[in-house]
Amino acid sequence: MRGNLSFIILMLIALPHFLSAYTNQNTLRLNLLLNTVAVGLLLANLVLPHTLQYRVFTGIHAQTLPWGDIVITGTGLSSDWSYFSIFAGSTILLDGLRRLAGHHHAHPDRYTLGMLVSYALFLSGSTIGILGRLQIIPFVPLGMFSFMIMILMLSLVLAQQTHDRLRESESRFRSLIEQSPFSTMVLAPDGTVLQTNPAWTRLWERTIPPGARCNIFHDPDCSIDGLQEALRLNMHGTVSEIPAIAITRRNEQDTDASAIRWIRGYAYPIRNESGAIQASVLVHEDVTDKMLVQHTLQRLAYEDLLTGLPNRIRLHERLEADICAARARLERGALLLIDLDHFKTINDALGHRTGDMILQRLAQRLTEQFNQAFIARPGGDEFAIILPASTLSASRFTQYVDEMAKTVHDTLTASVSLHEHSLRVGASVGMALFPEAQDEAADVLRHAEMALYAAKKQGRNQISLYETTLQVRATGRLQLEAGLRNALERNELALHFQPQVDDLGEVVGAEVLLRWIHPLHGVIPPGQFIPIAEETGIIHSIGDWLFTEAFSRLPHWTSFHGYLSINVSPWQFASADFVHRLMRAASEHRVPRQRIMLELTESALLHDLPATISKLDLLRKSGFRIALDDFGTGYSSLAYLQQLPLDAIKIDKSFVDKLETQPDNPLVASIIDIGQRLHLSTVAEGVENTTCRDALLRFGCTHFQGYLYSRPLAEHDFLDWLKQHSLLSASG
């Protein structure tokens with residue numbers, strides 16, 4: 001009897017939580033209150049000598065039910081706990097009835113109604129039993145039977161509800177599959193096709209009859225060439241992507257015609273309650289258009305469109321990889337840089353179309369003659385060749401490279417028959433060996449360019465090998481470094497300003513340019529002392545001085561309302577406290593940050609791209625504007641360009657110069673078009689004549705800088721120029 005009562009009390013403890021979960025009601029406090037009462041009853045039932053029910057227990061009583069079953073009940077004097085337990089239990093049961101009734105009223109359905117009926121039957125049986133215990137009516141032991149009926153009905157209702165929900169879920173899943181715009185196939189773990197949707201039929205141009213047992217690994221009617229092996233590797237329980245695979249689809253109307261389609265897939269496992277895989281969903285999508293666009297962008301980024309050879313960007317990447325490989329394998333490599341002498345004369349005399357055809361012929365010659373080498377066209381009338389690495393000794397390898405350079409020279413200078421013309425072009429060749437010390441690709445390219453320049457100085461049509469003149473270079477460097485360390489203290493650094501104008505000729509800004517006025521060597525250009533400043537760390541103090549000087553002057557220029565464009569060194573930008581120092585300087589001089597444009601080169605941005613993006617975001621949010629300087633001379637990858645938070649790109653002077661002879665230069669047009677599509681303003685540097693300016697205007701360039709408008713000026717001259725320009729604009 002004690003056990004029966006304990007079981008009933010435990011049921012009363014669990015009942016509120018079950019009903020809260022079933023009705024989705026948040027009744028935690030009420031549940032805790034009811035549980036506290038029930039736990040008290042449970043403890044009392046376990047401690048009291050005659051359970052909760054009796055104060056004095058006199059014996060047991062056997063009662064025969066109308067259908068013949070015998071029920072054993074106890075007899076005795078009821079305790080005060082008995083009446084309290086009847087009250088508490090009735091309260092819990094009535095609260096449950098209230099919850100079910102409220103839920104059914106808000107969400108009427110047959111499941112809740114069934115539970116409500118079974119619960120009411122149990123409550124009725126319990127009420128009759130309670131009234132019998134209180135001797136209000138003759139005692140009829142229906143509580144146990146009503147409890148069993150409730151449990152049975154609850155089980156049936158919950159089982160039916162679970163079944164219906166599973167069926168509804170399966171129906172919803174099938175409907176989602178059918179209506180999905182993506183080709184979808186549901187597979188059993190052994191590869192048997194369970195379902196396909198109309199998008200699958202359209203993509204693969206085949207149909208699997210309903211009810212047909214088709215296995216994707218074995219049956220040709222549902223198998224997909226090229227995907228089986230990938231599927232075997234991706235049906236082990238992990239969500240995975242199946243890389244794009246080229247599929248050949250044949251046109252049924254013309255068996256000779258074939259089309260290559262690129263299909264990418266995703267495999268999603270479906271697990272049962274125990275975690276075992278019961279099916280897999282395979283989703284395919286046709287990414288042919290995306291692949292074509294990607295291939296086109298790849299070509300634009302890494303391939304010279306005229307000759308089909310790799311461009312300067314690809315050359316730089318390949319050279320970097322070859323240097324690393326040669327250093328790791330203890331091999332030697334060489335770069336040949338070739339420039340066609342006086343090629344401009346051919347373009348001027350016979351036209352650029354003829355010049356382009358000659359470049360194509362020469363590229364074909366090099367490709368056929370040196371098929372083991374890497375051949376590129378960095379641009380213009382230049383070619384580059386990376387010779388295969390070798391383990392020859394230094395002297396023998398140098399001799400081999402010299403022989404190869406002579407062969408290259410002879411190949412390019414042989415006559416070219418074109419229409420009625422038989423033409424010969426001269427070629428200068430610069431050679432650079434690698435690896436040397438810590439040389440990178442840019443160093444080797446620079447060495448080859450220096451050797452090429454030396455070959456041209458020798459009278460062109462020559463071959464020159466780069467040689468390090470360490471002592472001369474070291475002495476000159478040491479002198480510059482020593483003088484540079486004292487330049488700030490001696491006030492030898494000066495700022496010049498070069499105006500930037502828009503397409504209407506209005507001044508929109510000015511670039512701040514650094515000059516070193518050396519007491520002995522005169523004006524030393526930044527190209528000579530900035531690299532030394534970066535390598536020695538002096539660039540940080542120079543950069544702080546430059547920002548302080550520029551910021552202190554800007555508020556006093558009442559006739560200048562544009563922005564100042566300031567170059568930032570990669571070393572300076574990489575400093576951990578660069579942003580903090582810059583903001584502090586702007587605040588001290590009360591300079592509106594939107595009037596400051598920071599110019600950074602690709603080398604400054606690509607060292608640590610995530611950190612760079614974070615730093616640029618912080619600068620832009622604080623008001624500074626960001627420009628990518630010398631765009632097109634480095635990597636110029638569209639992939640990273642879209643990620644960088646920029647306001648403008650600056651077209652390098654080398655591209656602008658080409659517009660003088662090639663007003664329709666597609667590369668410059670492409671750069672401006674890229675800027676427009678990315679909503680970036682474009683600033684053309686080195687605009688020196690109206691021919692280049694007019695070409696840039698046709699392409700849609702918005703800002704210009706160069707000698708056509710003004711050379712870099714000292715502060716006083718710059719302010720005078722602004723006044724004169726303002727007067728001319730007003731009179732015009």
# chains A, B, ... in the order shown; residues from 1 in each chain; ligands from 1

call {"tool": "residues_around", "arguments": {"residues": "range 490-506 of chain A", "least_positions_apart": "4", "cutoff": "7 Å", "atoms": "only C-alpha atoms", "output": "JSON, numbers by chain"}}
result
{"A": [486, 510, 511, 512, 513, 514, 515, 516, 517, 518, 702, 703, 704, 705, 710, 711, 712, 713, 714, 715, 718]}

call {"tool": "residues_around", "arguments": {"residues": "Glu535 in chain A", "least_positions_apart": "5", "cutoff": "12 Å", "atoms": "only C-alpha atoms", "output": "PyMOL selection string"}}
result
chain A and resi 477+481+529-530+540+569-572

call {"tool": "select_by_dssp", "arguments": {"residues": "range 471-566 of chain A", "states": "alpha helix (DSSP H)", "output": "ChimeraX atom specification"}}
result
/A:471-487,526-536,539-553

call {"tool": "closest_residue", "arguments": {"among": "A:Leu30, A:Ile539, A:Ala389, A:Leu340", "to": "Val568 in chain A", "atoms": "only C-alpha atoms"}}
result
A:Ile539

call {"tool": "residues_around", "arguments": {"residues": "Leu722 in chain A", "least_positions_apart": "4", "cutoff": "8 Å", "atoms": "only C-alpha atoms", "output": "list of chain:residue names"}}
result
A:Ser559, A:Phe560, A:Phe718, A:Ser726

call {"tool": "write_last_selection", "arguments": {"atoms": "N, CA, C and O atoms", "output": "PDB file, in the first residue's frame"}}
result
ATOM      1  N   SER A 559      41.879  78.983 -48.783  1.00  0.00           N
ATOM      2  CA  SER A 559      41.527  78.911 -50.206  1.00  0.00           C
ATOM      3  C   SER A 559      41.494  77.478 -50.729  1.00  0.00           C
ATOM      4  O   SER A 559      41.216  77.260 -51.908  1.00  0.00           O
ATOM      5  N   PHE A 560      41.779  76.532 -49.866  1.00  0.00           N
ATOM      6  CA  PHE A 560      41.807  75.118 -50.280  1.00  0.00           C
ATOM      7  C   PHE A 560      40.746  74.353 -49.502  1.00  0.00           C
ATOM      8  O   PHE A 560      40.751  74.342 -48.268  1.00  0.00           O
ATOM      9  N   PHE A 718      52.230  76.615 -53.931  1.00  0.00           N
ATOM     10  CA  PHE A 718      50.965  75.886 -54.081  1.00  0.00           C
ATOM     11  C   PHE A 718      49.779  76.800 -53.775  1.00  0.00           C
ATOM     12  O   PHE A 718      48.774  76.806 -54.506  1.00  0.00           O
ATOM     13  N   SER A 726      41.913  79.681 -59.212  1.00  0.00           N
ATOM     14  CA  SER A 726      40.571  80.144 -58.857  1.00  0.00           C
ATOM     15  C   SER A 726      40.165  81.320 -59.731  1.00  0.00           C
ATOM     16  O   SER A 726      39.028  81.415 -60.197  1.00  0.00           O
TER      17      SER A 726
END
